Amino acid sequence: MISLSTVQMASDANFLLCHVCLKARCSLPRHLRKKCMQHSTEEEIEVAVDKAKKDVSEFLRKGRFWKYSEIVSIFQSPDPCSRMIKELQKRGNVVMDLPSQLDDVGAEDTAQSPSQPLATEPEQSRQHKRKRMRPETHVWVLMEKRGLNKKHSLCHPLLSDFISHLDTNFYDECYKQEVEQVARFLYFMDPTAPSLEFVRQYERIQEYVRKLTEIKVSRNTVRNYLFSIKRFLKYHMEDTDLSFRDKDLYDDSVACIQFLTCLKLSYTMKVCTDVPRNSSHRFLAVIYVAKNDFLGVIGKLIGPDRISAEFLTKHEQVLVLYYLEAILILKQVQRPAVVRNMTVSEWVCRTQHENGYVTVKVDSVPLMHMTVVILTLEEEMWFDTYYTEVRPVMLGRRKGRWGKDYGERFFISATGKSVYSPSNDMHRFHQLYNLPTVTSMMVRRAFGQSSVDMDYIKLSNSEKHSRMKECYNTPAAVKRQTETSQSGIGTEMGKQSAYDLLLRTPPRNCGDGICRRAAFWNVAMVGRSVFGGFTFLRRQPSVARIVSWIKKQGWRKNRPDASRVLASWMPPGGVASSLDSPVIRKMVRRQKWKGLLVSEIEGKGRCVVTTRPFVNGEVVCDYHGRLVSRQEGLRIRASMSAGESGYMFFYTDSHGQAACIDAHNELCECHPDQVTFGRLIRHAAEKNNLRPRRFVAEGKDVILFLAARDIQINEELLYNYGVNRRCFAGEGLDLDWL
Ligand SMILES: C[S@@+](CC[C@H](N)C(=O)[O-])C[C@H]1O[C@@H](n2cnc3c(N)ncnc32)[C@H](O)[C@@H]1O
């Protein structure tokens, strides 16, 4: 309680100006000792206090008096504002909240132009002293040096509205510093003008935080900055018409709030082994922080303008890998060994359950019992995108001989070899986002029995998973625990029953919008009306295409799941209709066949491998080249060396005439910037998986390769060249590769 005498004392106190923080303090010596000069000696503090006393008496004696002529001359000068500020400063006033463009007005004081009245000696020395007395290592000096002290004017509506908001709602808080922090942050993000565009610039936000950390700003201060920015953004989202004015910006702001929360958390996080049990958010920080980047990359691979993973940067490919590893290690509480050893066949044999979970049984870890990875449908889609798109590209980077695990391990590193140390990957992933590393051990300790890790190992995966989920979502956890206790299953619950219980329980609040009914309904939908939209296709539609088709139907509830529809897709019956499909025509025209990758087998040349499964009868690609007569083909072949002659496709055309497709040029005239796949497919007389079929489109022959059986991912494409028959013009050739 404040007594009357205290109030009286405060009003009587002599406020002296602190030359460091430029604030008036009622007890300057105490303030200097505790804050601004905490590393200085008593003598230095005494000098500073004496100086402040002298300054204030100087100000009272001289600074308050103005000659009328002086005021007139200021207002008549070309830049009255700057002149006025200079004049005030010279007289011992402190001008606050200087807009950035006027920031250097004070600095100019020391080199005054002859037309300006000279500053009095005490003021000059004060300014000089102010600079001198801050040690070079003082945070503020470093901020000044790096331009981090510059800020936007607080008069800008974006900031002044925020001030009024704080003033109204948090009048008892000292919010001025908060607004200044925001003003400085906004200046860093965009020196031209304050704006909310920063919500889209995560990297720059991180850079700002990094810069603050570099100059040894305390973790507390960094956290305060992030708190202020968050409150500022929340104010604009919740108390202004932002959501109506700019829906996109509003949506991005929502995501940015989450990002800032995680960033702030990472500064709150004291990474140590005795982490409290329900600290999942700390462990998942990197997953939250990297999510947008990760989704950006996935979006490139499955979105409407999807590109092949070959065109991703190496950094993007590695990001996908690290993110998925993090899901397993940090979210799924799996051991690094599970990540290292998980195999492709374990992935392919995954099971989708009615409640919307997908489980992968990993049984390949030496000295470990089978473990179950439990994924949501969305996560499954990410893993599958990695598997079908990114992984083959990484595999393709492999140099030297294939080990015996070739193509078997699920996680492949950037060098094309199977991932060696998922723990190191986690470390690098955290470093990438400037977050303190969370190791798999920390997560397992926190979510297992805190001291005895062995107890944790005994837990079933579903129990581990429920524990994680409990931390995610308390209401769901309470319900789940109630269900668990009602069903009489306590810690004694068997591994199998716990697992079954999890699978029976519909996922709640996984953020994926999956509901149990929808999962059931999907099954019913597959093969019915959904396929109505795709029956004309001879090539499997992309997930994005199915998603957009489903969206267009306007169904509001129980939308079928695109990945399930995709998994059950079959090409339509008769192959003769292949070229009726507009998609196939487009592909033939543009030569942008998807799901294929050019690879190389040591000593055997190039080949084509699949990066997605193909269903029996599906069109895989065509043999693209220049249509010539058989004679012309033979003439070209005769002019070439034996190695070059393998790119001539001899066949009988629709009129029964022998013809040839000449693909001997690496790049054809019509697609000079892309390698076509057909010419690189190798021969296999028996174990082939493609059958070439001739079609006629717009009067021209087209050789399409249809899948002769179901083809899995990463399989090499092969067809029978028919080299024993004369149609290949094989006589006399030295086909030593056969
Ligand atoms: C259409 S090209 C195939 C792509 C070729 N490997 C490349 O690197 O450009 C045909 C040539 O590939 C080679 N080839 C095709 N099938 C092969 C096989 N099964 N084993 C080894 N070489 C083969 C032969 O040299 C043949 O002339």
# chains A, B, ... in the order shown; residues from 1 in each chain; ligands from 1
$ select_by_dssp --residues "region 581-633 of chain A" --states "strand (DSSP E or B)" --output "list of chain:residue names"
A:Leu596, A:Leu597, A:Val598, A:Ser599, A:Glu600, A:Ile601, A:Gly605, A:Arg606, A:Cys607, A:Val608, A:Val609, A:Thr610, A:Phe614, A:Val619, A:Val620, A:Cys621, A:Asp622, A:Arg626, A:Leu627, A:Val628, A:Ser629
$ write_last_selection --atoms "C-alpha atoms" --output "compact mmCIF listing (two decimals), in the first residue's frame"
# COMPACT_ATOMS: atom_id res chain seq x y z
CA LEU A 596 9.50 -41.05 -63.88
CA LEU A 597 13.13 -40.36 -63.21
CA VAL A 598 16.25 -40.83 -65.31
CA SER A 599 18.80 -42.80 -63.35
CA GLU A 600 22.12 -44.41 -64.15
CA ILE A 601 23.39 -47.90 -63.56
CA GLY A 605 24.18 -46.50 -68.98
CA ARG A 606 21.04 -44.58 -68.25
CA CYS A 607 17.68 -46.05 -67.41
CA VAL A 608 14.25 -44.85 -66.32
CA VAL A 609 12.88 -45.61 -62.85
CA THR A 610 9.46 -44.93 -61.36
CA PHE A 614 1.70 -47.46 -61.85
CA VAL A 619 -0.07 -45.19 -69.71
CA VAL A 620 3.47 -44.61 -68.47
CA CYS A 621 4.98 -42.53 -71.28
CA ASP A 622 5.55 -42.58 -75.04
CA ARG A 626 10.94 -37.94 -85.38
CA LEU A 627 8.65 -40.11 -87.56
CA VAL A 628 10.57 -41.40 -90.59
CA SER A 629 10.17 -44.23 -93.07
$ residues_near_ligand --ligand "ligand 1" --cutoff "7 Å" --atoms "only C-alpha atoms and all ligand atoms" --output "PDB file with N, CA and C atoms, in the first residue's frame"
ATOM      1  N   LYS A 604      26.194 -49.640 -67.231  1.00  0.00           N
ATOM      2  CA  LYS A 604      25.126 -50.040 -68.145  1.00  0.00           C
ATOM      3  C   LYS A 604      24.382 -48.852 -68.735  1.00  0.00           C
ATOM      4  N   GLY A 605      24.787 -47.683 -68.394  1.00  0.00           N
ATOM      5  CA  GLY A 605      24.180 -46.500 -68.979  1.00  0.00           C
ATOM      6  C   GLY A 605      22.926 -46.066 -68.243  1.00  0.00           C
ATOM      7  N   ARG A 606      22.208 -45.168 -68.892  1.00  0.00           N
ATOM      8  CA  ARG A 606      21.038 -44.584 -68.247  1.00  0.00           C
ATOM      9  C   ARG A 606      19.835 -45.520 -68.308  1.00  0.00           C
ATOM     10  N   CYS A 607      18.917 -45.275 -67.400  1.00  0.00           N
ATOM     11  CA  CYS A 607      17.678 -46.045 -67.412  1.00  0.00           C
ATOM     12  C   CYS A 607      16.581 -45.161 -66.827  1.00  0.00           C
ATOM     13  N   GLY A 643      26.906 -47.823 -80.794  1.00  0.00           N
ATOM     14  CA  GLY A 643      26.368 -47.312 -79.527  1.00  0.00           C
ATOM     15  C   GLY A 643      25.199 -46.367 -79.726  1.00  0.00           C
ATOM     16  N   GLU A 644      25.238 -45.637 -80.847  1.00  0.00           N
ATOM     17  CA  GLU A 644      24.195 -44.621 -81.075  1.00  0.00           C
ATOM     18  C   GLU A 644      22.941 -45.203 -81.709  1.00  0.00           C
ATOM     19  N   SER A 645      23.087 -46.394 -82.275  1.00  0.00           N
ATOM     20  CA  SER A 645      22.005 -46.904 -83.121  1.00  0.00           C
ATOM     21  C   SER A 645      20.822 -47.458 -82.340  1.00  0.00           C
ATOM     22  N   GLY A 646      20.950 -47.518 -81.015  1.00  0.00           N
ATOM     23  CA  GLY A 646      19.876 -48.103 -80.206  1.00  0.00           C
ATOM     24  C   GLY A 646      18.686 -47.182 -80.012  1.00  0.00           C
ATOM     25  N   TYR A 647      18.690 -46.023 -80.619  1.00  0.00           N
ATOM     26  CA  TYR A 647      17.597 -45.076 -80.374  1.00  0.00           C
ATOM     27  C   TYR A 647      16.629 -44.980 -81.555  1.00  0.00           C
ATOM     28  N   ARG A 679      13.105 -42.915 -74.996  1.00  0.00           N
ATOM     29  CA  ARG A 679      14.359 -43.308 -75.629  1.00  0.00           C
ATOM     30  C   ARG A 679      15.393 -43.844 -74.642  1.00  0.00           C
ATOM     31  N   LEU A 680      15.133 -43.677 -73.345  1.00  0.00           N
ATOM     32  CA  LEU A 680      16.111 -44.122 -72.352  1.00  0.00           C
ATOM     33  C   LEU A 680      15.692 -45.414 -71.644  1.00  0.00           C
ATOM     34  N   ILE A 681      14.527 -45.951 -72.032  1.00  0.00           N
ATOM     35  CA  ILE A 681      14.069 -47.177 -71.371  1.00  0.00           C
ATOM     36  C   ILE A 681      14.871 -48.355 -71.923  1.00  0.00           C
ATOM     37  N   ARG A 682      15.332 -49.221 -71.022  1.00  0.00           N
ATOM     38  CA  ARG A 682      16.206 -50.310 -71.442  1.00  0.00           C
ATOM     39  C   ARG A 682      15.411 -51.557 -71.806  1.00  0.00           C
ATOM     40  N   HIS A 683      16.152 -52.518 -72.357  1.00  0.00           N
ATOM     41  CA  HIS A 683      15.540 -53.745 -72.873  1.00  0.00           C
ATOM     42  C   HIS A 683      15.522 -54.864 -71.826  1.00  0.00           C
ATOM     43  N   ALA A 684      14.452 -55.614 -71.810  1.00  0.00           N
ATOM     44  CA  ALA A 684      14.432 -56.887 -71.060  1.00  0.00           C
ATOM     45  C   ALA A 684      13.489 -57.805 -71.820  1.00  0.00           C
ATOM     46  N   TRP A 737      25.610 -56.071 -75.125  1.00  0.00           N
ATOM     47  CA  TRP A 737      24.950 -55.770 -73.851  1.00  0.00           C
ATOM     48  C   TRP A 737      23.783 -56.722 -73.579  1.00  0.00           C
ATOM     49  N   LEU A 738      23.408 -57.512 -74.579  1.00  0.00           N
ATOM     50  CA  LEU A 738      22.242 -58.396 -74.406  1.00  0.00           C
ATOM     51  C   LEU A 738      22.563 -59.557 -73.473  1.00  0.00           C
TER      52      LEU A 738
END
$ closest_residue --among "A:Tyr719, A:Trp66, A:Phe75, A:Trp593" --to "Leu88 (chain A)" --atoms "only C-alpha atoms"
A:Trp66
$ atom_distance --atom1 "CA of Met441 (chain A)" --atom2 "CA of Leu330 (chain A)"
9.6 Å
$ residues_around --residues "Asn149 (chain A)" --least-positions-apart "5" --cutoff "8 Å" --atoms "only C-alpha atoms" --output "list in words"
Trp140, Met143, Glu144 and Arg184 of chain A
$ residues_around --residues "region 293-307 of chain A" --least-positions-apart "5" --cutoff "12 Å" --atoms "only C-alpha atoms" --output "PyMOL selection string"
chain A and resi 200-203+255+259+286-288+312-324+326-327+378-379+381-390+429+432-433+541-549+562-563+592-595
$ closest_residue --among "A:Val419, A:Cys26, A:Cys256, A:Cys668" --to "Pro336 (chain A)" --atoms "only C-alpha atoms"
A:Val419
$ residues_around --residues "Lys53 (chain A)" --least-positions-apart "2" --cutoff "10 Å" --atoms "only C-alpha atoms" --output "ChimeraX atom specification"
/A:14-17,28,47-51,55-59
$ atom_distance --atom1 "CA of Phe227 (chain A)" --atom2 "CA of Glu178 (chain A)"
8.6 Å
$ residues_around --residues "Cys349 (chain A)" --least-positions-apart "2" --cutoff "10 Å" --atoms "only C-alpha atoms" --output "list in words"
Val344, Ser345, Glu346, Trp347, Thr351, Gln352, Thr359, Val360 and Lys361 of chain A
$ write_last_selection --atoms "N, CA and C atoms" --output "PDB file, in the first residue's frame"
ATOM      1  N   VAL A 344      11.497 -49.719 -46.820  1.00  0.00           N
ATOM      2  CA  VAL A 344      10.484 -49.378 -47.811  1.00  0.00           C
ATOM      3  C   VAL A 344       9.313 -50.350 -47.715  1.00  0.00           C
ATOM      4  N   SER A 345       9.629 -51.641 -47.560  1.00  0.00           N
ATOM      5  CA  SER A 345       8.509 -52.589 -47.534  1.00  0.00           C
ATOM      6  C   SER A 345       7.647 -52.373 -46.301  1.00  0.00           C
ATOM      7  N   GLU A 346       8.262 -51.929 -45.192  1.00  0.00           N
ATOM      8  CA  GLU A 346       7.440 -51.632 -44.010  1.00  0.00           C
ATOM      9  C   GLU A 346       6.515 -50.462 -44.302  1.00  0.00           C
ATOM     10  N   TRP A 347       7.059 -49.509 -45.051  1.00  0.00           N
ATOM     11  CA  TRP A 347       6.222 -48.368 -45.410  1.00  0.00           C
ATOM     12  C   TRP A 347       5.095 -48.794 -46.359  1.00  0.00           C
ATOM     13  N   THR A 351      -0.847 -49.726 -42.801  1.00  0.00           N
ATOM     14  CA  THR A 351      -2.280 -50.018 -42.741  1.00  0.00           C
ATOM     15  C   THR A 351      -3.037 -48.740 -42.429  1.00  0.00           C
ATOM     16  N   GLN A 352      -4.115 -48.545 -43.139  1.00  0.00           N
ATOM     17  CA  GLN A 352      -4.956 -47.397 -42.811  1.00  0.00           C
ATOM     18  C   GLN A 352      -6.137 -47.891 -41.999  1.00  0.00           C
ATOM     19  N   THR A 359      -0.949 -46.791 -39.660  1.00  0.00           N
ATOM     20  CA  THR A 359       0.124 -47.350 -38.841  1.00  0.00           C
ATOM     21  C   THR A 359       1.165 -48.019 -39.714  1.00  0.00           C
ATOM     22  N   VAL A 360       2.402 -47.848 -39.309  1.00  0.00           N
ATOM     23  CA  VAL A 360       3.515 -48.503 -39.998  1.00  0.00           C
ATOM     24  C   VAL A 360       4.208 -49.377 -38.969  1.00  0.00           C
ATOM     25  N   LYS A 361       4.264 -50.650 -39.233  1.00  0.00           N
ATOM     26  CA  LYS A 361       4.914 -51.543 -38.280  1.00  0.00           C
ATOM     27  C   LYS A 361       6.384 -51.671 -38.642  1.00  0.00           C
TER      28      LYS A 361
END
$ atom_distance --atom1 "CA of His39 (chain A)" --atom2 "CA of Leu22 (chain A)"
18.0 Å
